[in-house]
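Enquirer: Let me give you the structure first, and then I'll get to my questions.
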Amino acid sequence: MALDEALLGAAETEGLRCLRLYAWDPPALSFGRNEPARRRYDRAAIAARGLATVRRPTGGRAVWHHREVTYCVTAPASTFGTLRQTYVEIHAMLAQALNAIGARVTLAPPPPPDRPAAGVGAGACFASVAGGEVMAQGGAKVVGSAQVRRGGAFLQHGSILLEAGQDLVAGLTLDTADPPAATGLGERLGPGATFEVVAGAVARTAAGRWGAPLPAAPGGVPAGVRARAALLRARYEDPAWTWRR
């Protein structure tokens, strides 16, 4: 999370465009920036199970990061247009990448005007599908994303599920939680749904669609961005930030 935010800062001050693809070690539960985690999730149960937790710089609901590919895109805000246009374009790129490896996914249609906004209730980010999100045949969500804009730049990151597993979030919710409507790519691709295969497809598709972005390898990240991330890391490791509300 610290590196994602540092890349946002570089997009803001230097116009840096980046695609980053990574996995979590150890697996972790992330909360949205303004999510009321203290009254929504069972902190004692989380601690008893030894689960790592972190609060994202972006909004939305909780995500269990395990057996997935996390993506991060940062760039000047003018790169793809409005927040909505950016959200849909990034998801269109991800859908193109996943279809290229046989996943057969599509983008969710816009919701009816009278439907409540997704992401406002308790439960996992994957409990509901918003317009423009990547879903499998049958309507189950494959990718969960969130975006933040700051100072003329944006950060959008999200989770591409290799396995579903988001029911863990509902099990840690203090009140009634919406059940996850998620599916993993393993159900579509079988043993081919590996980090290497999925991340490779996303990197190739992004390079072809947008032009080659900054390499995702740590050595491709400028030293100044790494230094900024090191300073930000203390906040993301601090339980006072993770459980601030």
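Labels for the structure tokens follow display order: chains A, B, ..., residues from 1 in each chain, ligands from 1.
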Select from segment 1-241 of chain A everything DSSP, run on the backbone, classes as alpha helix (DSSP H), then give the selection as an MDAnalysis selection string.
Expert: chainID A and resid 2:14 37:40 43:48 83:100 167:171 186:189 195:210 223:237 239:241
Enquirer: In Å, how far is it from atom CA of Gly208 of chain A to atom CA of Gly151 of chain A?
Expert: 27.8 Å
Enquirer: Find the residues near Gly211 of chain A: any atom within 12 Å, counting only C-alpha atoms, skip ones fewer than 5 places away on the same chain, and give them as a list in words.
Expert: Arg17, Cys18, Leu19, Ala203, Arg204, Thr205 and Ala206 of chain A
Enquirer: Could you write those residues out with N, CA and C atoms, as an mmCIF file, in the first residue's frame?
Expert:
```cif
data_model
loop_
_atom_site.group_PDB
_atom_site.id
_atom_site.type_symbol
_atom_site.label_atom_id
_atom_site.label_comp_id
_atom_site.auth_asym_id
_atom_site.auth_seq_id
_atom_site.Cartn_x
_atom_site.Cartn_y
_atom_site.Cartn_z
ATOM 1 N N ARG A 17 3.680 7.266 -15.258
ATOM 2 C CA ARG A 17 2.626 6.288 -15.531
ATOM 3 C C ARG A 17 3.158 4.911 -15.170
ATOM 4 N N CYS A 18 2.360 4.137 -14.440
ATOM 5 C CA CYS A 18 2.868 2.851 -13.959
ATOM 6 C C CYS A 18 1.771 1.803 -13.903
ATOM 7 N N LEU A 19 2.139 0.589 -14.264
ATOM 8 C CA LEU A 19 1.351 -0.608 -13.969
ATOM 9 C C LEU A 19 2.188 -1.472 -13.052
ATOM 10 N N ALA A 203 0.089 -7.717 -18.227
ATOM 11 C CA ALA A 203 1.216 -6.875 -18.634
ATOM 12 C C ALA A 203 1.286 -6.733 -20.151
ATOM 13 N N ARG A 204 1.097 -7.836 -20.876
ATOM 14 C CA ARG A 204 1.158 -7.782 -22.339
ATOM 15 C C ARG A 204 0.016 -6.942 -22.906
ATOM 16 N N THR A 205 -1.174 -7.125 -22.360
ATOM 17 C CA THR A 205 -2.327 -6.391 -22.871
ATOM 18 C C THR A 205 -2.197 -4.905 -22.591
ATOM 19 N N ALA A 206 -1.757 -4.542 -21.398
ATOM 20 C CA ALA A 206 -1.578 -3.127 -21.069
ATOM 21 C C ALA A 206 -0.532 -2.482 -21.963
#
```
Enquirer: Among segment 53-104 of chain A, which residues does DSSP mark as strand (DSSP E or B) when it is run on the backbone? Keep the chain and numbering as in the structure and answer as a PyMOL selection string.
Expert: chain A and resi 53-55+62-65+68-76
Enquirer: I want to know what sits within 6 Å of Arg33 of chain A, based on only C-alpha atoms, with residues of the same chain fewer than 4 positions away left out; could you give that as a list in words?
Expert: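 After dropping sequence-adjacent residues, the list is Arg55, Arg56, Pro57, Thr58 and Gly59 of chain A.
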Enquirer: Quick one: everything within 6 Å of Ser30 of chain A, counting only C-alpha atoms, minus sequence neighbours fewer than 2 positions away in the same chain. Send it as a short mmCIF file (atom, residue, chain, number, x, y, z; two decimals) with C-alpha atoms, in the first residue's frame.
Expert:
```cif
data_model
loop_
_atom_site.label_atom_id
_atom_site.label_comp_id
_atom_site.auth_asym_id
_atom_site.auth_seq_id
_atom_site.Cartn_x
_atom_site.Cartn_y
_atom_site.Cartn_z
CA THR A 53 -4.66 -6.34 8.25
CA VAL A 54 -4.04 -3.05 6.45
CA ARG A 55 -6.07 -0.01 5.44
CA ALA A 62 -12.88 -5.22 2.70
CA VAL A 63 -10.90 -7.58 0.46
#
```
Enquirer: Would you mind telling me which residue in A:Trp241, A:Phe154, A:Tyr22, A:Tyr236 lies nearest to Ala2 of chain A when using only C-alpha atoms?
Expert: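 Using only C-alpha atoms, Ala2 of chain A sits closest to A:Tyr236.
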Enquirer: Which residues, written as a PDB file with N, CA and C atoms, in the first residue's frame, have at least one atom at most 9 Å from His157 of chain A, with only C-alpha atoms counted and residues fewer than 5 positions away on the same chain left out?
Expert:
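Dumped to selection_4.pdb:
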```
ATOM      1  N   ASP A   4       2.115   1.735  -3.564  1.00  0.00           N
ATOM      2  CA  ASP A   4       1.031   2.225  -4.420  1.00  0.00           C
ATOM      3  C   ASP A   4       0.833   3.731  -4.213  1.00  0.00           C
ATOM      4  N   ARG A  20       1.636  -1.823 -11.915  1.00  0.00           N
ATOM      5  CA  ARG A  20       2.319  -2.690 -10.947  1.00  0.00           C
ATOM      6  C   ARG A  20       1.446  -3.916 -10.708  1.00  0.00           C
ATOM      7  N   THR A  58      -7.313   3.814  -0.880  1.00  0.00           N
ATOM      8  CA  THR A  58      -8.525   3.952  -1.683  1.00  0.00           C
ATOM      9  C   THR A  58      -9.730   3.499  -0.872  1.00  0.00           C
ATOM     10  N   THR A  70      -2.902  -8.803  -7.550  1.00  0.00           N
ATOM     11  CA  THR A  70      -3.278  -7.421  -7.293  1.00  0.00           C
ATOM     12  C   THR A  70      -2.639  -6.536  -8.355  1.00  0.00           C
ATOM     13  N   TYR A  71      -3.437  -5.652  -8.930  1.00  0.00           N
ATOM     14  CA  TYR A  71      -2.906  -4.716  -9.919  1.00  0.00           C
ATOM     15  C   TYR A  71      -2.970  -3.303  -9.367  1.00  0.00           C
ATOM     16  N   CYS A  72      -2.098  -2.448  -9.833  1.00  0.00           N
ATOM     17  CA  CYS A  72      -2.092  -1.030  -9.477  1.00  0.00           C
ATOM     18  C   CYS A  72      -1.764  -0.240 -10.728  1.00  0.00           C
ATOM     19  N   VAL A  73      -2.596   0.736 -11.064  1.00  0.00           N
ATOM     20  CA  VAL A  73      -2.335   1.647 -12.171  1.00  0.00           C
ATOM     21  C   VAL A  73      -2.311   3.061 -11.612  1.00  0.00           C
ATOM     22  N   THR A  74      -1.238   3.798 -11.880  1.00  0.00           N
ATOM     23  CA  THR A  74      -1.146   5.204 -11.494  1.00  0.00           C
ATOM     24  C   THR A  74      -0.728   6.017 -12.709  1.00  0.00           C
ATOM     25  N   GLY A 144     -12.202  -6.928  -8.213  1.00  0.00           N
ATOM     26  CA  GLY A 144     -12.704  -5.858  -7.355  1.00  0.00           C
ATOM     27  C   GLY A 144     -11.700  -4.722  -7.350  1.00  0.00           C
ATOM     28  N   SER A 145     -12.174  -3.484  -7.531  1.00  0.00           N
ATOM     29  CA  SER A 145     -11.267  -2.342  -7.705  1.00  0.00           C
ATOM     30  C   SER A 145     -11.733  -1.136  -6.910  1.00  0.00           C
ATOM     31  N   ALA A 146     -10.800  -0.209  -6.684  1.00  0.00           N
ATOM     32  CA  ALA A 146     -11.104   1.076  -6.068  1.00  0.00           C
ATOM     33  C   ALA A 146     -10.160   2.114  -6.647  1.00  0.00           C
ATOM     34  N   GLN A 147     -10.620   3.355  -6.712  1.00  0.00           N
ATOM     35  CA  GLN A 147      -9.826   4.431  -7.303  1.00  0.00           C
ATOM     36  C   GLN A 147      -9.846   5.648  -6.394  1.00  0.00           C
TER      37      GLN A 147
END
```
Enquirer: Would you kindly return, as a list in words, each protein, DNA or RNA residue with an atom no farther than 6 Å from any atom of segment 5-14 of chain A, considering only C-alpha atoms and excluding same-chain residues fewer than 3 positions away?
Expert: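 So, after excluding close chain neighbours, the residues are Ala2, Thr74, Ala75, Pro76, Gly151, Gly152, Ala153, Leu155, Val225, Arg228 and Ala229 of chain A.
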Enquirer: Restricted to N, CA and C atoms, what would the selected residues look like written as a tab-separated table (two decimals), in the first residue's frame?
Expert:
```tsv
chain	number	residue	atom	x	y	z
A	2	ALA	N	1.98	1.22	0.71
A	2	ALA	CA	2.88	2.37	0.73
A	2	ALA	C	3.45	2.62	-0.65
A	74	THR	N	-1.24	3.80	-11.88
A	74	THR	CA	-1.15	5.20	-11.49
A	74	THR	C	-0.73	6.02	-12.71
A	75	ALA	N	-1.28	7.23	-12.84
A	75	ALA	CA	-0.98	8.08	-13.99
A	75	ALA	C	-1.62	9.44	-13.75
A	76	PRO	N	-1.26	10.44	-14.54
A	76	PRO	CA	-1.98	11.71	-14.49
A	76	PRO	C	-3.47	11.50	-14.77
A	151	GLY	N	-4.60	15.68	-6.59
A	151	GLY	CA	-3.67	16.60	-7.21
A	151	GLY	C	-3.40	16.36	-8.68
A	152	GLY	N	-4.43	16.00	-9.45
A	152	GLY	CA	-4.24	15.82	-10.88
A	152	GLY	C	-3.70	14.46	-11.27
A	153	ALA	N	-3.81	13.48	-10.38
A	153	ALA	CA	-3.36	12.11	-10.68
A	153	ALA	C	-4.36	11.13	-10.09
A	155	LEU	N	-4.90	6.87	-8.68
A	155	LEU	CA	-4.46	5.53	-8.33
A	155	LEU	C	-5.68	4.64	-8.39
A	225	VAL	N	10.83	7.05	-5.67
A	225	VAL	CA	9.55	6.44	-5.31
A	225	VAL	C	9.75	5.42	-4.20
A	228	ARG	N	10.18	7.28	-0.95
A	228	ARG	CA	8.91	7.80	-0.45
A	228	ARG	C	8.06	6.67	0.15
A	229	ALA	N	8.07	5.52	-0.49
A	229	ALA	CA	7.32	4.38	0.04
A	229	ALA	C	7.84	3.96	1.40
```
